[in-house]
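Chemist: This is the structure, below, for whatever I ask next.
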Amino acid sequence: MNNGPAKRPAGVSAAVPIGILTAVAIVALGVAGVRDTLQAAGAVSGPSWTGWLAGELETVRPADWMIPAGVIAVVAGLLCLVAALKPRRHTHVAVGQDGIWIRRRDIARLAAESAEEVDSVISARAKSRRRTVRITVRAIGDTARVATDLDTTVGQRLAVLSPPPRIRRRVVEEH
């Protein structure tokens with residue numbers, strides 16, 4: 001059953017840590033609620049945790065620090081909303097139109113392997129950024145010819161990517 005091409009993979013949202021902390025807080029409230037239910041049913045002895053908390057909150061009086069703390073809480077809440085709604089960054093690049101995706105570090109490996117296939121190349125290193133692949137090659141012989149062959153070979157190998165990255169190359173002559 002083919003439902004068409006796969007969706008583009010994306011990185012983790014900035015809201016994930018906030019969600020984890022919120023989940024831990026809700027679990028803690030649930031534990032307190034279950035414990036108080038057991039205490040009310042007589043299965044557990046001791047004072048009610050929520051009763052104790054309500055008693056402590058009842059004695060709170062307005063203080064000078066509460067206004068700045070409230071402003072900070074509102075700003076933190078707005079930042080959490082922005083983090084939750086902000087689009088996640090893309091971590092993969094499409095290979096053709098079939099819904100196949102590749103990571104940027106794998107693009108760099110493909111570029112380096114392709115560069116090593118060029119005659120006179122001793123070694124190659126590559127780094128992949130959002131839209132650019134940087135290749136540094138150590139070669140012997142005519143560096144201009146190696147650079148042209150490098151553009152052709154690596155360009156053909158990475159042409160299947162959508163969009164194909166720009167190729168920046170540096171050829172270092174070995175003696």
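To be explicit about the labels: the chains of the structure tokens are called A, B, and onward in the order shown, and within each one the residues are counted from 1, while ligands get numbers from 1 in the order they are shown.
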So which residues touch region 108-113 of chain A within 9 Å, counting only C-alpha atoms, skipping near sequence neighbours fewer than 3 positions away, as a ChimeraX atom specification?
Modeler: /A:104-105,116-117,123-129,133-137,153-155,157-158
Chemist: Suppose we keep C-alpha atoms; can you now write the selection as a JSON list (two decimals), in the first residue's frame?
Modeler:
[["chain", "number", "residue", "atom", "x", "y", "z"],
["A", 104, "ARG", "CA", 23.58, 16.30, 5.38],
["A", 105, "ARG", "CA", 26.50, 14.35, 6.81],
["A", 116, "GLU", "CA", 38.35, 10.26, -4.24],
["A", 117, "GLU", "CA", 37.37, 8.57, -7.52],
["A", 123, "SER", "CA", 42.49, 12.22, -0.21],
["A", 124, "ALA", "CA", 39.28, 14.19, 0.09],
["A", 125, "ARG", "CA", 37.28, 15.71, 2.94],
["A", 126, "ALA", "CA", 33.84, 17.26, 2.63],
["A", 127, "LYS", "CA", 31.46, 19.25, 4.81],
["A", 128, "SER", "CA", 27.81, 19.79, 4.01],
["A", 129, "ARG", "CA", 25.82, 22.84, 5.04],
["A", 133, "VAL", "CA", 29.06, 21.22, 0.02],
["A", 134, "ARG", "CA", 32.69, 22.19, 0.68],
["A", 135, "ILE", "CA", 35.30, 19.75, -0.55],
["A", 136, "THR", "CA", 39.01, 19.92, 0.27],
["A", 137, "VAL", "CA", 41.15, 17.63, -1.88],
["A", 153, "THR", "CA", 32.24, 13.94, -10.89],
["A", 154, "VAL", "CA", 30.83, 15.36, -7.66],
["A", 155, "GLY", "CA", 28.26, 17.45, -9.53],
["A", 157, "ARG", "CA", 26.78, 12.38, -8.05],
["A", 158, "LEU", "CA", 24.90, 15.10, -6.18]]
Chemist: Apply DSSP to the structure's backbone, then extract all residues of region 71-146 of chain A labelled alpha helix (DSSP H) and return them as a PyMOL selection string.
Modeler: chain A and resi 71-85+104-116+143-146
Chemist: Find the spatial neighbours of Pro87 (chain A), counting only C-alpha atoms, within a cut-off of 12 Å - ignore same-chain residues fewer than 3 positions away - and output them as a list in words.
Modeler: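 What passes the distance filter is Ala10, Gly11, Val12, Ser13, Ala14, Ala15, Leu81, Val82, Ala83, Ala84 and His90 of chain A.
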Chemist: Which residues are near Glu174 (chain A)? Cut-off 9 Å, only C-alpha atoms, ignore same chain within fewer than 6 positions. Put them as a list in words.
Modeler: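 The contact residues come out as Ile122, Arg138, Ala139, Ile140 and Gly141 of chain A.
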Chemist: Measuring between only C-alpha atoms, which one of A:Ala41, A:Asp119, A:Thr50, A:Gly70 shows the shortest distance to Ala28 (chain A)?
Modeler: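 That would be A:Thr50, the residue with the smallest distance to Ala28 (chain A).
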Chemist: One decimal, Å: what's the distance from CA of Arg168 (chain A) over to CA of Asp151 (chain A), could you say?
Modeler: 8.8 Å
Chemist: Measuring atom to atom with only C-alpha atoms, identify which of A:Ile100, A:Val171, A:Ala43, A:Ala25 is nearest to Pro9 (chain A).
Modeler: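 Residue with the minimum atom-to-atom distance to Pro9 (chain A): A:Ile100.
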Chemist: Can you list, as a list of chain:residue names, every residue of region 58-130 of chain A that DSSP puts in strand (DSSP E or B)?
Modeler: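 The strand (DSSP E or B) subset of region 58-130 of chain A is A:His90, A:His92, A:Val93, A:Ala94, A:Val95, A:Ile100, A:Trp101, A:Ile102, A:Arg103, A:Val121, A:Ile122, A:Ser123, A:Ala124, A:Arg125, A:Ala126, A:Lys127, A:Ser128.
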Chemist: Provide the CA of Glu173 (chain A) to CA of Val160 (chain A) distance in Å, to one decimal place.
Modeler: 29.7 Å
